[in-house]
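Raw contents of data-v8.cif, mmCIF, C-alpha atoms and all ligand atoms:
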```cif
data_structure
loop_
_atom_site.label_atom_id
_atom_site.label_comp_id
_atom_site.auth_asym_id
_atom_site.auth_seq_id
_atom_site.Cartn_x
_atom_site.Cartn_y
_atom_site.Cartn_z
CA ARG A 1 -5.31 -26.75 -17.81
CA GLU A 2 -2.95 -26.80 -20.76
CA PRO A 3 0.31 -24.90 -20.29
CA VAL A 4 1.03 -22.21 -22.90
CA LEU A 5 4.34 -21.13 -21.42
CA GLN A 6 6.81 -23.39 -19.67
CA ILE A 7 10.04 -21.92 -18.38
CA GLU A 8 12.34 -24.62 -17.07
CA ASP A 9 15.46 -24.00 -15.05
CA LEU A 10 16.26 -20.87 -17.05
CA SER A 11 19.38 -18.78 -16.54
CA VAL A 12 20.35 -15.76 -18.64
CA ALA A 13 23.49 -13.66 -18.37
CA TYR A 14 24.87 -10.53 -20.03
CA VAL A 15 28.45 -10.72 -21.17
CA THR A 16 30.45 -7.64 -20.18
CA ASN A 17 34.15 -6.71 -20.18
CA THR A 18 34.29 -7.31 -16.48
CA GLY A 19 32.43 -10.61 -16.41
CA LEU A 20 28.96 -12.12 -16.52
CA VAL A 21 25.95 -10.27 -15.18
CA HIS A 22 23.53 -12.89 -13.92
CA ALA A 23 20.21 -11.35 -14.89
CA VAL A 24 18.02 -14.47 -14.55
CA SER A 25 18.91 -17.56 -12.50
CA ASP A 26 17.25 -20.99 -12.23
CA VAL A 27 13.76 -19.76 -13.07
CA ASN A 28 10.82 -22.15 -13.32
CA LEU A 29 7.43 -20.82 -14.28
CA THR A 30 4.36 -22.15 -16.08
CA VAL A 31 1.49 -20.09 -17.46
CA HIS A 32 -1.69 -21.93 -18.44
CA ARG A 33 -4.17 -21.20 -21.20
CA GLY A 34 -6.19 -18.09 -20.47
CA GLU A 35 -4.37 -17.38 -17.23
CA ILE A 36 -2.92 -14.04 -16.12
CA VAL A 37 0.34 -14.40 -14.24
CA GLY A 38 2.15 -11.39 -12.82
CA LEU A 39 5.90 -10.98 -12.63
CA VAL A 40 7.02 -8.30 -10.20
CA GLY A 41 10.29 -6.98 -8.94
CA GLU A 42 12.38 -3.87 -8.56
CA SER A 43 14.20 -2.52 -11.59
CA GLY A 44 17.17 -4.76 -12.34
CA SER A 45 15.46 -7.82 -10.85
CA GLY A 46 15.53 -9.59 -14.22
CA LYS A 47 11.86 -9.35 -15.09
CA SER A 48 12.32 -7.58 -18.43
CA THR A 49 15.15 -9.95 -19.34
CA MET A 50 12.67 -12.79 -18.71
CA ALA A 51 10.16 -11.18 -21.07
CA TYR A 52 12.73 -10.69 -23.82
CA THR A 53 14.08 -14.21 -23.33
CA ILE A 54 10.65 -15.75 -23.86
CA MET A 55 10.18 -13.76 -27.06
CA ARG A 56 13.75 -14.60 -28.15
CA LEU A 57 14.39 -10.89 -28.47
CA LEU A 58 17.46 -10.70 -26.24
CA ARG A 59 20.22 -8.24 -27.06
CA GLY A 60 23.37 -9.56 -28.69
CA ASP A 61 25.35 -9.52 -25.45
CA ALA A 62 22.85 -11.75 -23.62
CA VAL A 63 23.16 -15.52 -23.49
CA VAL A 64 20.81 -18.20 -22.27
CA THR A 65 23.27 -20.18 -20.17
CA LYS A 66 20.85 -22.85 -19.01
CA GLY A 67 17.30 -24.12 -19.30
CA ARG A 68 14.45 -24.00 -21.74
CA VAL A 69 11.51 -21.86 -22.84
CA ARG A 70 8.55 -23.62 -24.38
CA VAL A 71 5.50 -21.93 -25.81
CA LEU A 72 2.63 -24.25 -26.70
CA GLY A 73 5.07 -27.09 -26.23
CA GLN A 74 7.52 -25.69 -28.77
CA ASP A 75 11.09 -24.96 -27.64
CA VAL A 76 11.41 -21.32 -28.73
CA TYR A 77 15.19 -21.64 -29.12
CA ALA A 78 14.91 -24.68 -31.39
CA LEU A 79 13.09 -22.71 -34.12
CA SER A 80 14.88 -21.49 -37.23
CA GLU A 81 14.81 -17.73 -37.89
CA LYS A 82 12.11 -18.27 -40.47
CA GLU A 83 10.00 -20.44 -38.18
CA LEU A 84 10.50 -17.93 -35.38
CA ARG A 85 9.09 -15.14 -37.52
CA ALA A 86 5.90 -17.12 -38.10
CA PHE A 87 5.76 -18.21 -34.46
CA ARG A 88 6.14 -14.75 -33.01
CA TRP A 89 2.91 -12.81 -33.16
CA SER A 90 0.78 -15.80 -34.17
CA LYS A 91 1.57 -17.87 -31.04
CA MET A 92 3.18 -15.33 -28.71
CA SER A 93 3.42 -11.57 -28.80
CA MET A 94 4.54 -8.70 -26.66
CA VAL A 95 3.32 -5.29 -25.57
CA PHE A 96 6.26 -3.04 -24.82
CA GLN A 97 6.43 -0.27 -22.26
CA SER A 98 6.56 2.61 -24.66
CA ALA A 99 3.74 2.76 -27.18
CA MET A 100 5.51 5.61 -28.94
CA SER A 101 8.56 3.50 -29.72
CA ALA A 102 6.41 0.47 -30.62
CA LEU A 103 4.52 2.46 -33.25
CA ASN A 104 5.88 3.91 -36.45
CA PRO A 105 5.21 7.68 -36.40
CA VAL A 106 4.86 8.00 -40.17
CA MET A 107 2.39 5.16 -40.69
CA THR A 108 -1.36 5.21 -40.13
CA VAL A 109 -2.91 2.90 -37.58
CA GLU A 110 -4.39 0.79 -40.35
CA THR A 111 -1.11 0.37 -42.19
CA GLN A 112 0.70 -0.66 -39.00
CA ILE A 113 -1.89 -3.28 -38.13
CA VAL A 114 -2.15 -4.58 -41.69
CA ASP A 115 1.64 -4.71 -42.16
CA THR A 116 2.11 -6.58 -38.89
CA ILE A 117 -0.52 -9.12 -39.88
CA LEU A 118 0.97 -9.63 -43.34
CA ALA A 119 4.55 -9.80 -42.07
CA HIS A 120 3.68 -12.80 -39.93
CA ARG A 121 0.91 -14.27 -42.09
CA PRO A 122 1.94 -13.72 -45.71
CA ASP A 123 -0.75 -16.20 -46.75
CA LEU A 124 -3.50 -13.69 -45.91
CA SER A 125 -4.77 -11.14 -48.41
CA ARG A 126 -4.42 -7.42 -47.77
CA GLN A 127 -8.21 -7.21 -47.83
CA ALA A 128 -8.53 -9.84 -45.10
CA ALA A 129 -5.91 -8.01 -43.02
CA ARG A 130 -7.88 -4.75 -43.43
CA GLU A 131 -11.03 -6.44 -42.21
CA ARG A 132 -9.14 -7.79 -39.23
CA ALA A 133 -7.81 -4.27 -38.47
CA LYS A 134 -11.40 -3.02 -38.24
CA GLU A 135 -12.40 -5.82 -35.89
CA LEU A 136 -9.37 -5.15 -33.74
CA LEU A 137 -10.20 -1.47 -33.38
CA ASP A 138 -13.72 -2.44 -32.32
CA LEU A 139 -12.24 -4.85 -29.81
CA VAL A 140 -10.05 -2.21 -28.16
CA ARG A 141 -12.90 0.29 -28.43
CA ILE A 142 -11.32 2.84 -30.71
CA ASP A 143 -13.49 4.45 -33.37
CA ARG A 144 -12.78 2.98 -36.82
CA LYS A 145 -12.18 6.48 -38.19
CA HIS A 146 -8.81 6.33 -36.40
CA LEU A 147 -7.64 3.66 -38.83
CA GLN A 148 -6.48 6.63 -40.86
CA SER A 149 -4.86 8.44 -37.90
CA TYR A 150 -1.16 8.73 -37.21
CA PRO A 151 0.17 7.88 -33.74
CA HIS A 152 0.76 11.53 -32.78
CA GLU A 153 -2.91 12.26 -33.43
CA LEU A 154 -3.93 9.82 -30.69
CA SER A 155 -3.80 10.18 -26.91
CA GLY A 156 -1.30 8.10 -24.91
CA GLY A 157 -4.03 5.72 -23.79
CA MET A 158 -5.33 5.26 -27.33
CA ARG A 159 -1.84 4.60 -28.62
CA GLN A 160 -1.35 1.89 -26.00
CA ARG A 161 -4.67 0.35 -27.04
CA VAL A 162 -3.46 0.30 -30.66
CA VAL A 163 -0.31 -1.48 -29.46
CA ILE A 164 -2.49 -4.04 -27.68
CA ALA A 165 -4.59 -4.45 -30.84
CA ILE A 166 -1.42 -5.17 -32.82
CA ALA A 167 -0.23 -7.64 -30.19
CA ILE A 168 -3.42 -9.67 -30.41
CA ALA A 169 -3.91 -9.25 -34.17
CA LEU A 170 -3.06 -12.87 -34.94
CA ASN A 171 -4.78 -14.40 -31.92
CA PRO A 172 -1.68 -15.48 -29.99
CA ALA A 173 -2.15 -17.85 -27.05
CA LEU A 174 0.32 -15.83 -24.97
CA VAL A 175 0.80 -12.08 -24.68
CA ILE A 176 3.71 -10.74 -22.68
CA MET A 177 3.13 -7.26 -21.34
CA ASP A 178 6.20 -5.42 -20.07
CA GLU A 179 5.11 -2.45 -17.94
CA PRO A 180 2.27 -1.73 -20.39
CA THR A 181 0.85 1.13 -18.36
CA THR A 182 3.93 2.60 -16.71
CA ALA A 183 4.38 5.46 -19.16
CA LEU A 184 0.78 6.61 -18.67
CA ASP A 185 -0.75 8.80 -16.01
CA VAL A 186 -2.63 7.13 -13.18
CA VAL A 187 -6.15 7.65 -14.52
CA VAL A 188 -5.24 6.37 -17.97
CA GLN A 189 -3.34 3.47 -16.37
CA ARG A 190 -6.52 2.42 -14.65
CA SER A 191 -8.58 2.52 -17.84
CA ILE A 192 -5.96 0.56 -19.81
CA LEU A 193 -5.89 -2.04 -17.07
CA ASP A 194 -9.68 -2.41 -17.21
CA GLU A 195 -9.40 -2.61 -20.97
CA ILE A 196 -6.76 -5.36 -20.79
CA ARG A 197 -8.93 -7.33 -18.40
CA ARG A 198 -12.02 -6.94 -20.57
CA ILE A 199 -10.26 -7.91 -23.82
CA GLN A 200 -8.53 -10.83 -22.12
CA GLU A 201 -11.85 -12.15 -20.83
CA GLN A 202 -13.39 -11.79 -24.25
CA VAL A 203 -10.55 -13.32 -26.29
CA GLY A 204 -9.02 -15.68 -23.73
CA PHE A 205 -5.27 -15.38 -24.36
CA ALA A 206 -2.87 -15.88 -21.45
CA ILE A 207 -0.87 -12.93 -20.15
CA LEU A 208 2.47 -12.69 -18.45
CA PHE A 209 2.18 -9.24 -16.92
CA VAL A 210 5.55 -7.74 -16.02
CA SER A 211 5.61 -4.76 -13.71
CA HIS A 212 7.37 -3.10 -10.79
CA ASP A 213 3.93 -2.09 -9.49
CA PHE A 214 3.07 -4.72 -6.94
CA SER A 215 -0.51 -3.68 -6.19
CA LEU A 216 -1.37 -3.42 -9.87
CA VAL A 217 -0.09 -6.92 -10.58
CA ALA A 218 -1.78 -8.41 -7.51
CA GLU A 219 -5.07 -6.96 -8.69
CA LEU A 220 -4.86 -8.19 -12.28
CA ALA A 221 -3.16 -11.59 -12.03
CA SER A 222 -4.39 -14.84 -10.52
CA ARG A 223 -0.84 -15.85 -9.59
CA VAL A 224 2.15 -13.65 -8.93
CA ALA A 225 5.85 -14.44 -9.26
CA ILE A 226 8.08 -12.19 -7.22
CA MET A 227 11.61 -11.74 -8.56
CA TYR A 228 14.66 -10.69 -6.64
CA ALA A 229 18.17 -10.59 -8.06
CA GLY A 230 17.18 -12.76 -11.02
CA ARG A 231 15.39 -15.46 -9.05
CA ILE A 232 11.72 -16.10 -8.44
CA VAL A 233 11.75 -16.01 -4.64
CA GLU A 234 8.02 -16.56 -4.26
CA LEU A 235 5.24 -17.76 -6.52
CA THR A 236 1.85 -17.33 -4.92
CA PRO A 237 -1.84 -17.17 -5.78
CA SER A 238 -2.69 -13.48 -5.60
CA HIS A 239 -5.53 -14.04 -3.13
CA LEU A 240 -2.87 -14.95 -0.57
CA LEU A 241 -1.04 -11.66 -1.03
CA ASN A 242 -1.92 -10.05 2.25
CA LEU A 243 -0.09 -9.54 5.49
CA SER A 244 -2.07 -12.14 7.40
CA GLU A 245 -0.34 -14.84 5.29
CA ARG A 246 3.28 -15.92 5.67
CA HIS A 247 5.51 -14.76 2.83
CA HIS A 248 9.06 -14.58 1.68
CA PRO A 249 10.61 -11.68 3.64
CA TYR A 250 11.08 -9.73 0.41
CA THR A 251 7.40 -10.15 -0.49
CA GLU A 252 6.51 -9.10 3.02
CA GLY A 253 8.61 -5.96 2.58
CA LEU A 254 6.83 -5.19 -0.71
CA LEU A 255 3.43 -5.69 0.92
CA LYS A 256 4.39 -3.35 3.72
CA ALA A 257 5.63 -0.81 1.19
CA ILE A 258 2.16 -0.50 -0.30
CA PRO A 259 0.61 2.53 1.37
CA GLN A 260 -1.58 1.25 4.17
CA LEU A 261 -4.63 3.34 4.79
CA THR A 262 -5.55 3.33 8.46
CA ALA A 263 -8.17 5.32 10.33
CA ASP A 264 -6.18 8.50 10.63
CA GLU A 265 -2.84 8.01 8.96
CA VAL A 266 -1.10 6.64 5.93
CA THR A 267 2.12 4.79 6.61
CA ILE A 268 4.64 3.67 4.06
CA GLN A 269 7.24 1.21 5.20
CA GLY A 270 9.81 0.53 2.52
CA ILE A 271 12.54 -2.04 2.32
CA GLY A 272 15.91 -0.72 3.42
CA GLY A 273 19.07 -1.16 1.37
CA TYR A 274 19.61 -1.77 -2.32
CA PRO A 275 19.35 -4.70 -4.72
CA PRO A 276 22.67 -6.55 -5.07
CA ASP A 277 25.25 -6.27 -7.82
CA LEU A 278 24.29 -9.01 -10.30
CA GLN A 279 27.91 -9.45 -11.24
CA ASP A 280 28.90 -10.15 -7.67
CA LEU A 281 25.96 -11.70 -5.87
CA PRO A 282 26.10 -12.14 -2.10
CA PRO A 283 26.74 -15.76 -1.04
CA GLY A 284 23.81 -17.80 0.27
CA CYS A 285 20.49 -16.03 -0.08
CA ALA A 286 20.98 -12.91 -2.22
CA PHE A 287 18.44 -11.09 -0.06
CA HIS A 288 20.31 -11.65 3.21
CA PRO A 289 21.92 -8.19 3.46
CA ARG A 290 18.43 -6.64 3.48
CA CYS A 291 16.51 -9.34 5.27
CA PRO A 292 15.27 -8.65 8.81
CA TYR A 293 15.08 -12.40 9.48
CA ALA A 294 18.51 -13.39 8.14
CA MET A 295 20.06 -16.31 10.00
CA ASP A 296 23.60 -17.60 9.91
CA VAL A 297 22.69 -20.24 7.32
CA CYS A 298 21.31 -17.54 5.01
CA ARG A 299 24.76 -16.03 4.56
CA ARG A 300 26.26 -19.37 3.55
CA VAL A 301 23.69 -21.53 1.81
CA ARG A 302 21.37 -20.60 -1.01
CA PRO A 303 17.83 -21.66 -0.05
CA ALA A 304 16.34 -24.45 -2.14
CA GLN A 305 12.95 -24.13 -3.78
CA VAL A 306 10.23 -25.42 -1.45
CA ARG A 307 6.52 -25.87 -1.71
CA ALA A 308 4.40 -24.47 1.11
CA GLY A 309 0.70 -25.08 0.50
CA GLU A 310 -0.24 -23.30 -2.72
CA LYS A 311 3.08 -21.46 -2.89
CA VAL A 312 6.61 -22.04 -4.05
CA LEU A 313 9.33 -20.19 -2.16
CA GLU A 314 13.07 -19.85 -1.90
CA CYS A 315 13.71 -19.04 1.74
CA HIS A 316 15.20 -20.95 4.67
CA LEU A 317 12.34 -19.87 6.91
CA PHE A 318 10.13 -22.30 5.01
CA ASN A 319 12.46 -25.25 5.18
CA GLU A 320 13.39 -26.27 8.70
CA ALA A 321 15.04 -29.49 7.53
CA GLU A 322 17.38 -27.52 5.29
CA VAL A 323 18.29 -25.13 8.08
CA LYS A 324 18.94 -28.00 10.53
CA ALA A 325 21.16 -29.73 8.00
CA HIS A 326 23.40 -26.68 7.78
CA VAL A 327 23.81 -25.55 11.37
FE1 LIG B 1 15.84 -13.90 4.71
FE2 LIG B 1 17.22 -16.12 5.03
FE3 LIG B 1 14.85 -16.22 3.90
FE4 LIG B 1 16.91 -15.14 2.62
S1 LIG B 1 16.68 -17.27 3.21
S2 LIG B 1 14.89 -14.33 2.75
S3 LIG B 1 17.97 -14.15 4.29
S4 LIG B 1 15.29 -15.64 5.99
MG MG B 2 12.22 -3.30 -17.16
#
```

For the file at hand, write its structure as structure tokens.
Amino acid sequence: REPVLQIEDLSVAYVTNTGLVHAVSDVNLTVHRGEIVGLVGESGSGKSTMAYTIMRLLRGDAVVTKGRVRVLGQDVYALSEKELRAFRWSKMSMVFQSAMSALNPVMTVETQIVDTILAHRPDLSRQAARERAKELLDLVRIDRKHLQSYPHELSGGMRQRVVIAIAIALNPALVIMDEPTTALDVVVQRSILDEIRRIQEQVGFAILFVSHDFSLVAELASRVAIMYAGRIVELTPSHLLNLSERHHPYTEGLLKAIPQLTADEVTIQGIGGYPPDLQDLPPGCAFHPRCPYAMDVCRRVRPAQVRAGEKVLECHLFNEAEVKAHV
């Protein structure tokens, strides 16, 4: 299948008074047409930075220090500002965590959709944009009467559906969703997730779904990238995300942290310790201070990326040759 997103050897850092904060390091990831790929990690793992990097929406203090981002074959960082404006929203778009901050409180739903369309496609007529707004509301299953509503007149779930409608207004091939349901209560989360799945199936765009919620991502995505300290430590098909498979020790910890329902008890086994300081990463494998399997080599040598069956991992446990070479 054709790739819509290709991230190659990407590193991103924030420049601070006290030095560089390495938010994303050596990331490789491809998302194909119509595919849903999940990106999970704890807060500070670099997953939001990845999302903003792809959209070229990084803050002023962030720099891409290495690598490339291509969307539909186009290097996103090679576009001029003007080209970027046309590219964003028509080829790639983003759903942000907070619908309230994504929407303008003093504009009706219709105006926001129409203005977004016209801002990125000035060649279209206002009438055509209005027609498209109606179609989009049908698509996200909101009554057309709400075209004249203001954001505060809608429920949280409806607002997030409007945000999704705006994101797909120009039929992008790739939609990045950064914690799109996190601000919502659990029941509404569930319905938005079903809605995302339904619309995605109907329209066929690819999604990079960014979330700290491991079980949610595993359920929605066909492949899942697990981030730790700015690196993708495991990339796996989601059907392999269970404890009878071998995983990166961090992934294993996340899987064990999902509440396990047994006959008469619920046990939650978290991962001890804290994520590392991104300004002062531990030598070797950044996970070693928390890893129950850490070996001597782990404290000295950063594990190389290895393929194991359908997975890609960064862990010495999966590369005996590498371990032998360093003892
Ligand atoms: Fe644990 Fe070593 Fe694997 Fe890192 S490389 S996850 S420390 S076993
Ligand atoms: Mg975030």

### Query
Do you know which residues are within 10 Å of ligand LIG 1 (chain B) using all atoms listed in the file? Can you write them as a PyMOL selection string?
chain A and resi 233+247-252+284-304+313-319+323

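Around ligand MG 2 (chain B), the neighbouring residues within 10 Å, taking only C-alpha atoms and all ligand atoms, come to Gly41, Glu42, Ser43, Gly44, Ser45, Gly46, Lys47, Ser48, Thr49, Met50, Ala51, Tyr52, Phe96, Gln97, Asp178, Glu179, Val210, Ser211 and His212 of chain A.
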
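Atom CA of Val175 of chain A is positioned 18.5 Å from atom CA of Gly157 of chain A.
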
### Task
Give the answer as one residue: which of A:Val40, A:Arg1, A:Thr65, A:Thr236 has the shortest atom-to-atom distance to Val15 of chain A, using only C-alpha atoms?
A:Thr65

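Minimum distance to Ile164 of chain A across A:Leu124, A:Ala102, A:Val95, A:Val114 (counting all atoms listed in the file) occurs at A:Val95.
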
### Query
Residues at most 8 Å from segment 21-28 of chain A, counting only C-alpha atoms, excluding those fewer than 3 positions away in the same chain, as an MDAnalysis selection string?
chainID A and resid 6:16 44:46 49:50 66:67 229:232 278:279

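Among the candidate residues A:Arg33, A:Arg159, A:Arg59, A:Arg130, the one lying nearest to Leu184 of chain A is A:Arg159, with distances computed using only C-alpha atoms.
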
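Here atom CA of Glu131 of chain A and atom CA of Pro105 of chain A stand 22.3 Å from one another.
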
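Checking A:Leu235, A:Ile199, A:Met92, A:Val217 one by one against Asp138 of chain A, counting all atoms listed in the file, you find the shortest gap at A:Ile199.
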
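Between Arg141 of chain A and the residues A:Thr108, A:Ser191, A:Thr116, A:Ser238, the shortest atom-to-atom distance, using all atoms listed in the file, involves A:Ser191.
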
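Nearest to Pro172 of chain A of all the residues A:Leu154, A:Met227, A:Ala206, A:Ala221 is A:Ala206, based on all atoms listed in the file.
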
### Task
Excluding segment 85-87 of chain A and residues on its chain fewer than 5 positions from it, collect all residues at most 12 Å away from it, counting all atoms listed in the file, and give them as a VMD selection string.
chain A and resid 54 to 57 70 to 72 74 to 80 92 to 93 116 to 123 170 to 174

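You will find atom CA of Arg190 of chain A at 17.3 Å from atom CA of Ile207 of chain A.
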
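Residues of protein, DNA and RNA with at least one atom no farther than 7 Å from (4.0, 4.2, -21.4) are, using all atoms listed in the file, Gln97, Ser98, Ala99, Pro180, Thr181, Thr182, Ala183 and Leu184 of chain A.
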
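Neighbours of Glu2 of chain A closer than or equal to 10 Å, with only C-alpha atoms counted and sequence neighbours fewer than 6 positions away skipped, come out as A:Thr30, A:Val31, A:His32, A:Arg33, A:Gly34, A:Leu72, A:Gly73.
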
Residues within 12 Å of Pro151 of chain A, please, as an mmCIF file with C-alpha atoms, in the coordinates of the input. Count all atoms listed in the file; anything in the same chain fewer than 5 positions from it doesn't count.
```cif
data_model
loop_
_atom_site.group_PDB
_atom_site.id
_atom_site.type_symbol
_atom_site.label_atom_id
_atom_site.label_comp_id
_atom_site.auth_asym_id
_atom_site.auth_seq_id
_atom_site.Cartn_x
_atom_site.Cartn_y
_atom_site.Cartn_z
ATOM 1 C CA ALA A 99 3.740 2.760 -27.180
ATOM 2 C CA MET A 100 5.510 5.610 -28.940
ATOM 3 C CA SER A 101 8.560 3.500 -29.720
ATOM 4 C CA ALA A 102 6.410 0.470 -30.620
ATOM 5 C CA LEU A 103 4.520 2.460 -33.250
ATOM 6 C CA ASN A 104 5.880 3.910 -36.450
ATOM 7 C CA PRO A 105 5.210 7.680 -36.400
ATOM 8 C CA VAL A 106 4.860 8.000 -40.170
ATOM 9 C CA MET A 107 2.390 5.160 -40.690
ATOM 10 C CA THR A 108 -1.360 5.210 -40.130
ATOM 11 C CA VAL A 109 -2.910 2.900 -37.580
ATOM 12 C CA GLU A 110 -4.390 0.790 -40.350
ATOM 13 C CA THR A 111 -1.110 0.370 -42.190
ATOM 14 C CA GLN A 112 0.700 -0.660 -39.000
ATOM 15 C CA HIS A 146 -8.810 6.330 -36.400
ATOM 16 C CA GLY A 156 -1.300 8.100 -24.910
ATOM 17 C CA GLY A 157 -4.030 5.720 -23.790
ATOM 18 C CA MET A 158 -5.330 5.260 -27.330
ATOM 19 C CA ARG A 159 -1.840 4.600 -28.620
ATOM 20 C CA GLN A 160 -1.350 1.890 -26.000
ATOM 21 C CA ARG A 161 -4.670 0.350 -27.040
ATOM 22 C CA VAL A 162 -3.460 0.300 -30.660
ATOM 23 C CA VAL A 163 -0.310 -1.480 -29.460
#
```

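Within 9 Å of Ala165 of chain A, once only C-alpha atoms are used and residues closer than 3 positions along the same chain are dropped, the contacting residues are Ile113, Ala133, Leu136, Leu137, Leu139, Val140, Gln160, Arg161, Val162, Ile168 and Ala169 of chain A.
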